[in-house]
Amino acid sequence: MEYRSIMRKERVNQAVIIAGGLGTRLSPFTNTNPKPIYPLHGKPFILYLFEQIRSFGITRIVLLLGYMSEKIIGAFGDGKSLGVDITYDVTPVEYDTGARLRHALPLLDDHFLFMYCDNYCPIDFSQLLDDYYANQSIIQLSVYKNSDKYTKDNLCIRDDGRILLYDKDRKKEGLSGVDIGYAIISKKAFQYLDEGNVNFERSIYSKIVALGKMNATVTEHRYYSIGSWERIKLTEEFFAFKRTIFLDRDGTLNVKPPKASYVESPDDFIWIDGAIEAIKRLKKNGFRIILVTNQPGIAKGRLSKENLLLIHNKMLKELKEVGVNIDAIYYCPHDWNDGCNCRKPKPGMLYQAQKDFSLDLTKCYMVGDDDRDMQAGYAAKCKCIQVSEIYSLSDAVDDILKGKI
C-alpha cells in the first residue's frame, strides 16, 4: 500500500479547474466580477479550493478561464505566494466545458483531478485515488449520495460503485446520487470528446459509462456551492467554522451500566468524575458540543422515549447549573438488527448533524469509550479519541486544548 501511495503522488499531481462561465445565477455580483472570486469570510471562494488542493499534496493547478479572466489572473498571478503553481488557459466566454478542455489538452497530465470552480466538498482524496486505480477507471467521479434530496440526482450507480447511467438533464427514472466534480480523469477520455463547442460531461460521460470505465466514490458529506444565491447562505455557514466535538454518552459522560443494562431513569444517570468540568472547558474555548448516543433500550421496550427525555433534561439541568449547555442531542432508538443508518458504528447521526449545522466533519472530534464510537467517527472522517477508565474525557480535552490531537 505504501508503494501504491508513492506511485499515486507521482501520477496524479495536477488539478484542473473549470472557471470560465458567466455565472448568471449569481448576478448581480457576476455582472462585474467572475463567480470564483465571490468573497466568503474575507477571501475569494476559489482560494478555499486552492488550499484544499494543496492539502491533497497537489501544487500544480490549471485554471480554464473565459469570463473576466483578467480579474482572476490579476488576483492570483502565478500562485507562488499561495504555495501553488498556477497555469492559465483563456478561451472565449462562449466556449462550453468540452471546448475549454480540448483547448487546454497540451497542458494536461495523463491523469488529473478535475474540479468545478463553484463546488466544495471535504472529500477523501486518498480514497478517490485508491478507487481510481483499483477500478482501472477512465473517470472516477466523486458523488454525493443525496439521500436528503439536497439537489436533483443525475446518476444511477451499482452497489459496487460502477456507474450505470449518467443523465445530464436529470430526468430519467432510477437516478440516485449526483456528480459534484472532484473527478480523477485519464487523458484517454478525450478520444471520446465530440468536435465543436460541446459540453464535456454531456459529450463524454455516457460513452465512458457504456465502456464500464466510469465509477463512483460516494460521500454522504454534503457539498457546498456558490452556484446560486439559494446555496450561498449554507456555504457561508460551512466556512464560518466553529470548533465542534461529538460526545458519546454512556461511558464517556456518565457511568456506563453493566452489559445488557441501560440507564432507564434520571436516577440512573451518574456523572463520571471530571466530565462536567471537561464540558465547561470545551465551552469556554468556543466548542460546539453535540451528543450522539445509541439507545437500544427503546427498541427492546426497556426505556421509553419519555424517560429518555427526562434523563437528558436532568443532564442538561445539571450542566445549566454550572453555566454550560450541550448544543444538540442525537440518539438512535433502534436495536442491532433493525437495519438503520444511525446506530453506531454507522455514522448516520454524525451526517445528520453535519447537515443541520453545516459542519466540516474532517475538522470535528468524535470522543467515545466504545469501538463503535470510533468506527462511526472514522467513517465520517472525524478526528477520533477513545476514552477509558484510565484516559477520561477530561484527559482527552486536555490533549485537544493543548493541540496534541
# chains A, B, ... in the order shown; residues from 1 in each chain; ligands from 1
>>> select_by_dssp(residues="segment 25-225 of chain A", states="strand (DSSP E)", output="ChimeraX atom specification")
/A:39-40,43-44,60-65,85-90,111-116,119-120,139-144,155-157,163-166,178-179,183-186,214-219,224-225
>>> write_last_selection(atoms="N, CA and C atoms", output="short mmCIF file (atom, residue, chain, number, x, y, z; two decimals), in the first residue's frame")
data_model
loop_
_atom_site.label_atom_id
_atom_site.label_comp_id
_atom_site.auth_asym_id
_atom_site.auth_seq_id
_atom_site.Cartn_x
_atom_site.Cartn_y
_atom_site.Cartn_z
N PRO A 39 -16.66 36.57 -2.43
CA PRO A 39 -15.99 36.57 -1.12
C PRO A 39 -16.79 35.85 -0.04
N LEU A 40 -16.10 35.02 0.71
CA LEU A 40 -16.66 34.34 1.86
C LEU A 40 -15.71 34.52 3.03
N LYS A 43 -12.26 36.14 1.99
CA LYS A 43 -11.39 35.65 0.94
C LYS A 43 -12.22 35.03 -0.19
N PRO A 44 -11.68 35.03 -1.40
CA PRO A 44 -12.42 34.50 -2.54
C PRO A 44 -12.69 33.02 -2.39
N ARG A 60 0.29 21.87 -8.55
CA ARG A 60 0.17 22.37 -9.92
C ARG A 60 -1.31 22.47 -10.28
N ILE A 61 -1.75 23.68 -10.65
CA ILE A 61 -3.16 23.94 -10.95
C ILE A 61 -3.26 24.58 -12.33
N VAL A 62 -4.19 24.08 -13.13
CA VAL A 62 -4.52 24.71 -14.40
C VAL A 62 -5.92 25.29 -14.28
N LEU A 63 -6.03 26.60 -14.48
CA LEU A 63 -7.33 27.27 -14.44
C LEU A 63 -7.79 27.54 -15.86
N LEU A 64 -8.99 27.03 -16.19
CA LEU A 64 -9.56 27.22 -17.51
C LEU A 64 -10.54 28.38 -17.44
N LEU A 65 -10.14 29.52 -18.00
CA LEU A 65 -10.86 30.78 -17.82
C LEU A 65 -11.53 31.26 -19.10
N ASP A 85 1.37 26.43 -8.07
CA ASP A 85 1.88 26.89 -9.36
C ASP A 85 0.69 26.90 -10.32
N ILE A 86 0.22 28.10 -10.67
CA ILE A 86 -0.99 28.23 -11.48
C ILE A 86 -0.63 28.52 -12.93
N THR A 87 -1.23 27.75 -13.83
CA THR A 87 -1.16 27.99 -15.26
C THR A 87 -2.57 28.36 -15.73
N TYR A 88 -2.68 29.36 -16.57
CA TYR A 88 -3.98 29.82 -17.06
C TYR A 88 -4.15 29.45 -18.53
N ASP A 89 -5.34 29.01 -18.88
CA ASP A 89 -5.69 28.80 -20.28
C ASP A 89 -6.99 29.56 -20.53
N VAL A 90 -6.91 30.62 -21.33
CA VAL A 90 -8.05 31.52 -21.53
C VAL A 90 -8.64 31.27 -22.91
N HIS A 111 -3.12 11.92 -16.11
CA HIS A 111 -4.17 11.75 -15.11
C HIS A 111 -4.23 13.03 -14.30
N PHE A 112 -5.42 13.56 -14.08
CA PHE A 112 -5.52 14.82 -13.34
C PHE A 112 -6.82 14.85 -12.54
N LEU A 113 -6.82 15.74 -11.54
CA LEU A 113 -8.01 15.98 -10.73
C LEU A 113 -8.81 17.10 -11.40
N PHE A 114 -10.06 16.80 -11.74
CA PHE A 114 -10.93 17.75 -12.42
C PHE A 114 -11.94 18.31 -11.43
N MET A 115 -12.06 19.65 -11.36
CA MET A 115 -12.92 20.28 -10.37
C MET A 115 -13.74 21.39 -10.99
N TYR A 116 -14.89 21.66 -10.34
CA TYR A 116 -15.71 22.81 -10.69
C TYR A 116 -15.31 23.98 -9.79
N ASN A 119 -17.99 24.45 -6.50
CA ASN A 119 -18.35 23.40 -5.53
C ASN A 119 -17.20 23.12 -4.59
N TYR A 120 -17.53 22.88 -3.32
CA TYR A 120 -16.53 22.48 -2.33
C TYR A 120 -17.10 21.34 -1.51
N ILE A 139 -12.67 7.46 -15.79
CA ILE A 139 -13.15 8.57 -14.96
C ILE A 139 -13.64 8.00 -13.64
N GLN A 140 -13.11 8.52 -12.54
CA GLN A 140 -13.58 8.16 -11.19
C GLN A 140 -14.23 9.42 -10.60
N LEU A 141 -15.54 9.39 -10.46
CA LEU A 141 -16.29 10.56 -10.01
C LEU A 141 -16.47 10.57 -8.50
N SER A 142 -16.36 11.74 -7.91
CA SER A 142 -16.86 11.94 -6.56
C SER A 142 -18.35 12.20 -6.65
N VAL A 143 -19.12 11.46 -5.86
CA VAL A 143 -20.58 11.51 -5.96
C VAL A 143 -21.19 11.74 -4.58
N TYR A 144 -22.06 12.73 -4.49
CA TYR A 144 -22.82 12.95 -3.26
C TYR A 144 -24.00 12.00 -3.26
N LEU A 155 -27.33 10.41 -11.60
CA LEU A 155 -26.59 9.17 -11.80
C LEU A 155 -27.40 7.96 -11.34
N CYS A 156 -27.09 6.83 -11.93
CA CYS A 156 -27.55 5.54 -11.41
C CYS A 156 -26.29 4.72 -11.16
N ILE A 157 -26.13 4.23 -9.92
CA ILE A 157 -24.88 3.60 -9.51
C ILE A 157 -25.15 2.19 -8.99
N ILE A 163 -20.86 3.07 -12.33
CA ILE A 163 -21.91 3.97 -12.79
C ILE A 163 -22.60 3.34 -14.01
N LEU A 164 -23.90 3.20 -13.92
CA LEU A 164 -24.69 2.55 -14.96
C LEU A 164 -25.38 3.56 -15.88
N LEU A 165 -25.56 4.78 -15.39
CA LEU A 165 -26.29 5.78 -16.17
C LEU A 165 -25.87 7.17 -15.72
N TYR A 166 -25.62 8.04 -16.68
CA TYR A 166 -25.38 9.45 -16.41
C TYR A 166 -26.40 10.26 -17.19
N VAL A 178 -25.42 12.30 -7.15
CA VAL A 178 -25.14 13.43 -8.03
C VAL A 178 -23.64 13.69 -8.12
N ASP A 179 -23.18 13.93 -9.32
CA ASP A 179 -21.78 14.28 -9.60
C ASP A 179 -21.48 15.65 -9.01
N ALA A 183 -13.26 14.80 -9.88
CA ALA A 183 -13.11 13.56 -10.63
C ALA A 183 -11.64 13.35 -10.99
N ILE A 184 -11.17 12.12 -10.88
CA ILE A 184 -9.88 11.78 -11.45
C ILE A 184 -10.15 11.31 -12.87
N ILE A 185 -9.51 11.96 -13.83
CA ILE A 185 -9.77 11.70 -15.24
C ILE A 185 -8.47 11.30 -15.94
N SER A 186 -8.56 10.23 -16.71
CA SER A 186 -7.46 9.83 -17.58
C SER A 186 -7.58 10.59 -18.90
N MET A 214 -16.45 4.13 -15.92
CA MET A 214 -16.73 5.27 -15.06
C MET A 214 -17.32 4.77 -13.75
N ASN A 215 -16.68 5.12 -12.66
CA ASN A 215 -17.05 4.61 -11.34
C ASN A 215 -17.20 5.75 -10.35
N ALA A 216 -17.89 5.45 -9.25
CA ALA A 216 -18.21 6.48 -8.26
C ALA A 216 -17.52 6.21 -6.93
N THR A 217 -16.98 7.24 -6.34
CA THR A 217 -16.57 7.24 -4.94
C THR A 217 -17.61 8.09 -4.21
N VAL A 218 -18.45 7.43 -3.42
CA VAL A 218 -19.64 8.08 -2.87
C VAL A 218 -19.32 8.68 -1.50
N THR A 219 -19.79 9.91 -1.29
CA THR A 219 -19.69 10.54 0.01
C THR A 219 -21.08 10.94 0.50
N TYR A 224 -20.90 22.01 -0.80
CA TYR A 224 -21.33 23.40 -0.67
C TYR A 224 -20.94 24.16 -1.94
N SER A 225 -21.76 25.15 -2.30
CA SER A 225 -21.65 25.75 -3.62
C SER A 225 -21.90 27.26 -3.58
#
>>> residues_around(residues="segment 340-353 of chain A", least_positions_apart="2", cutoff="7 Å", atoms="only C-alpha atoms", output="list in words")
Glu220, His221, Val292, Asn294, Tyr330, Cys332, His334, Asp338, Lys355, Asp356, Phe357, Arg372, Asp373, Gln375, Ala376, Gly377, Ala379 and Ala380 of chain A
>>> closest_residue(among="A:Asp327, A:Ile272, A:Arg222, A:Lys317", to="Leu291 of chain A", atoms="only C-alpha atoms")
A:Asp327
>>> select_by_dssp(residues="segment 22-262 of chain A", states="alpha helix (DSSP H)", output="PyMOL selection string")
chain A and resi 29-32+45-55+69-76+97-104+125-134+200-210+229-239
>>> write_last_selection(atoms="C-alpha atoms", output="CSV table (one decimal), in the first residue's frame")
chain,number,residue,atom,x,y,z
A,29,PHE,CA,-22.4,40.0,-8.4
A,30,THR,CA,-21.3,38.4,-11.6
A,31,ASN,CA,-22.3,41.5,-13.6
A,32,THR,CA,-19.0,43.0,-12.6
A,45,PHE,CA,-14.2,31.2,-2.8
A,46,ILE,CA,-11.7,29.7,-5.2
A,47,LEU,CA,-8.9,30.3,-2.6
A,48,TYR,CA,-10.6,27.6,-0.4
A,49,LEU,CA,-10.3,25.3,-3.4
A,50,PHE,CA,-6.6,26.2,-3.8
A,51,GLU,CA,-6.0,25.4,-0.1
A,52,GLN,CA,-7.8,22.1,-0.3
A,53,ILE,CA,-5.9,21.1,-3.5
A,54,ARG,CA,-2.7,21.8,-1.6
A,55,SER,CA,-3.8,19.7,1.3
A,69,SER,CA,-10.3,36.2,-16.8
A,70,GLU,CA,-8.1,39.3,-16.2
A,71,LYS,CA,-9.6,39.7,-12.7
A,72,ILE,CA,-8.7,36.2,-11.7
A,73,ILE,CA,-5.2,36.3,-13.2
A,74,GLY,CA,-4.6,39.7,-11.5
A,75,ALA,CA,-5.7,38.4,-8.1
A,76,PHE,CA,-3.6,35.2,-8.0
A,97,THR,CA,-16.6,23.0,-20.9
A,98,GLY,CA,-15.6,20.5,-23.6
A,99,ALA,CA,-14.2,23.1,-25.9
A,100,ARG,CA,-12.2,24.6,-22.9
A,101,LEU,CA,-10.7,21.3,-22.0
A,102,ARG,CA,-9.9,20.5,-25.6
A,103,HIS,CA,-8.0,23.8,-26.0
A,104,ALA,CA,-6.1,23.0,-22.7
A,125,PHE,CA,-8.9,12.3,-1.8
A,126,SER,CA,-6.9,9.2,-0.9
A,127,GLN,CA,-10.0,7.0,-1.2
A,128,LEU,CA,-10.8,8.6,-4.6
A,129,LEU,CA,-7.3,7.8,-5.8
A,130,ASP,CA,-7.4,4.2,-4.5
A,131,ASP,CA,-10.7,3.7,-6.2
A,132,TYR,CA,-9.5,5.2,-9.5
A,133,TYR,CA,-6.6,2.7,-9.7
A,134,ALA,CA,-8.4,-0.3,-8.2
A,200,PHE,CA,-17.6,17.9,-21.6
A,201,GLU,CA,-19.9,15.8,-19.4
A,202,ARG,CA,-22.7,15.5,-21.9
A,203,SER,CA,-20.3,14.5,-24.7
A,204,ILE,CA,-18.1,12.0,-22.8
A,205,TYR,CA,-19.7,10.6,-19.7
A,206,SER,CA,-22.3,8.4,-21.3
A,207,LYS,CA,-19.7,6.9,-23.6
A,208,ILE,CA,-17.4,6.1,-20.7
A,209,VAL,CA,-20.3,4.6,-18.8
A,210,ALA,CA,-21.0,2.3,-21.8
A,229,TRP,CA,-27.9,32.6,-4.2
A,230,GLU,CA,-30.0,29.8,-2.7
A,231,ARG,CA,-26.9,27.9,-1.7
A,232,ILE,CA,-24.8,30.9,-0.6
A,233,LYS,CA,-26.2,31.0,3.0
A,234,LEU,CA,-25.3,27.4,3.7
A,235,THR,CA,-21.9,27.8,2.2
A,236,GLU,CA,-21.2,30.8,4.4
A,237,GLU,CA,-22.3,28.8,7.4
A,238,PHE,CA,-19.9,26.0,6.4
A,239,PHE,CA,-16.9,28.2,6.0
>>> residues_around(residues="segment 172-174 of chain A", least_positions_apart="2", cutoff="9 Å", atoms="only C-alpha atoms", output="list in words")
Asn154, Leu155, Cys156, Asp167, Asp169, Arg170 and Ser176 of chain A
>>> closest_residue(among="A:Ile276, A:Tyr365, A:Asp360, A:Glu389", to="Val322 of chain A", atoms="only C-alpha atoms")
A:Ile276
>>> closest_residue(among="A:Lys320, A:Lys280, A:Lys363, A:Lys300", to="Ser394 of chain A", atoms="only C-alpha atoms")
A:Lys280
>>> closest_residue(among="A:Ile270, A:Ile138, A:Ala396, A:Leu175", to="Asp110 of chain A", atoms="only C-alpha atoms")
A:Ile138
>>> closest_residue(among="A:Lys188, A:Lys171, A:Lys402, A:Lys145", to="Leu282 of chain A", atoms="only C-alpha atoms")
A:Lys402
>>> atom_distance(atom1="atom CA of Pro333 of chain A", atom2="atom CA of Thr293 of chain A")
9.0 Å
>>> atom_distance(atom1="atom CA of Leu303 of chain A", atom2="atom CA of Ile279 of chain A")
26.1 Å
>>> residues_around(residues="Leu253 of chain A", least_positions_apart="6", cutoff="9 Å", atoms="only C-alpha atoms", output="list in words")
Leu247, Ile270, Trp271, Ile272, Asp273, Gly274, Ala275, Ile276, Gly368 and Leu393 of chain A
>>> closest_residue(among="A:Ala189, A:Arg25, A:Asp335, A:Ser265", to="Ser304 of chain A", atoms="only C-alpha atoms")
A:Ser265
>>> residues_around(residues="Ser27 of chain A", least_positions_apart="5", cutoff="12 Å", atoms="only C-alpha atoms", output="MDAnalysis selection string")
chainID A and resid 22 32:35 38 226:229
>>> write_last_selection(atoms="N, CA and C atoms", output="short mmCIF file (atom, residue, chain, number, x, y, z; two decimals), in the first residue's frame")
data_model
loop_
_atom_site.label_atom_id
_atom_site.label_comp_id
_atom_site.auth_asym_id
_atom_site.auth_seq_id
_atom_site.Cartn_x
_atom_site.Cartn_y
_atom_site.Cartn_z
N LEU A 22 -20.22 32.47 -17.26
CA LEU A 22 -20.75 33.78 -16.91
C LEU A 22 -21.28 33.84 -15.48
N THR A 32 -20.23 42.24 -12.64
CA THR A 32 -18.96 42.98 -12.64
C THR A 32 -17.79 42.15 -12.11
N ASN A 33 -18.05 40.86 -11.79
CA ASN A 33 -17.00 40.00 -11.24
C ASN A 33 -17.17 38.58 -11.74
N PRO A 34 -16.05 37.84 -11.88
CA PRO A 34 -16.18 36.41 -12.18
C PRO A 34 -16.61 35.66 -10.92
N LYS A 35 -17.45 34.66 -11.08
CA LYS A 35 -18.02 33.92 -9.96
C LYS A 35 -16.97 33.36 -8.98
N TYR A 38 -16.12 35.20 -5.63
CA TYR A 38 -17.15 35.61 -4.67
C TYR A 38 -16.56 35.50 -3.25
N ILE A 226 -21.30 27.94 -4.55
CA ILE A 226 -21.64 29.34 -4.81
C ILE A 226 -22.32 29.45 -6.17
N GLY A 227 -22.91 28.33 -6.61
CA GLY A 227 -23.54 28.31 -7.92
C GLY A 227 -24.80 29.14 -8.01
N SER A 228 -25.43 29.41 -6.87
CA SER A 228 -26.67 30.19 -6.87
C SER A 228 -26.84 30.85 -5.51
N TRP A 229 -27.67 31.90 -5.47
CA TRP A 229 -27.91 32.59 -4.21
C TRP A 229 -28.58 31.68 -3.19
#
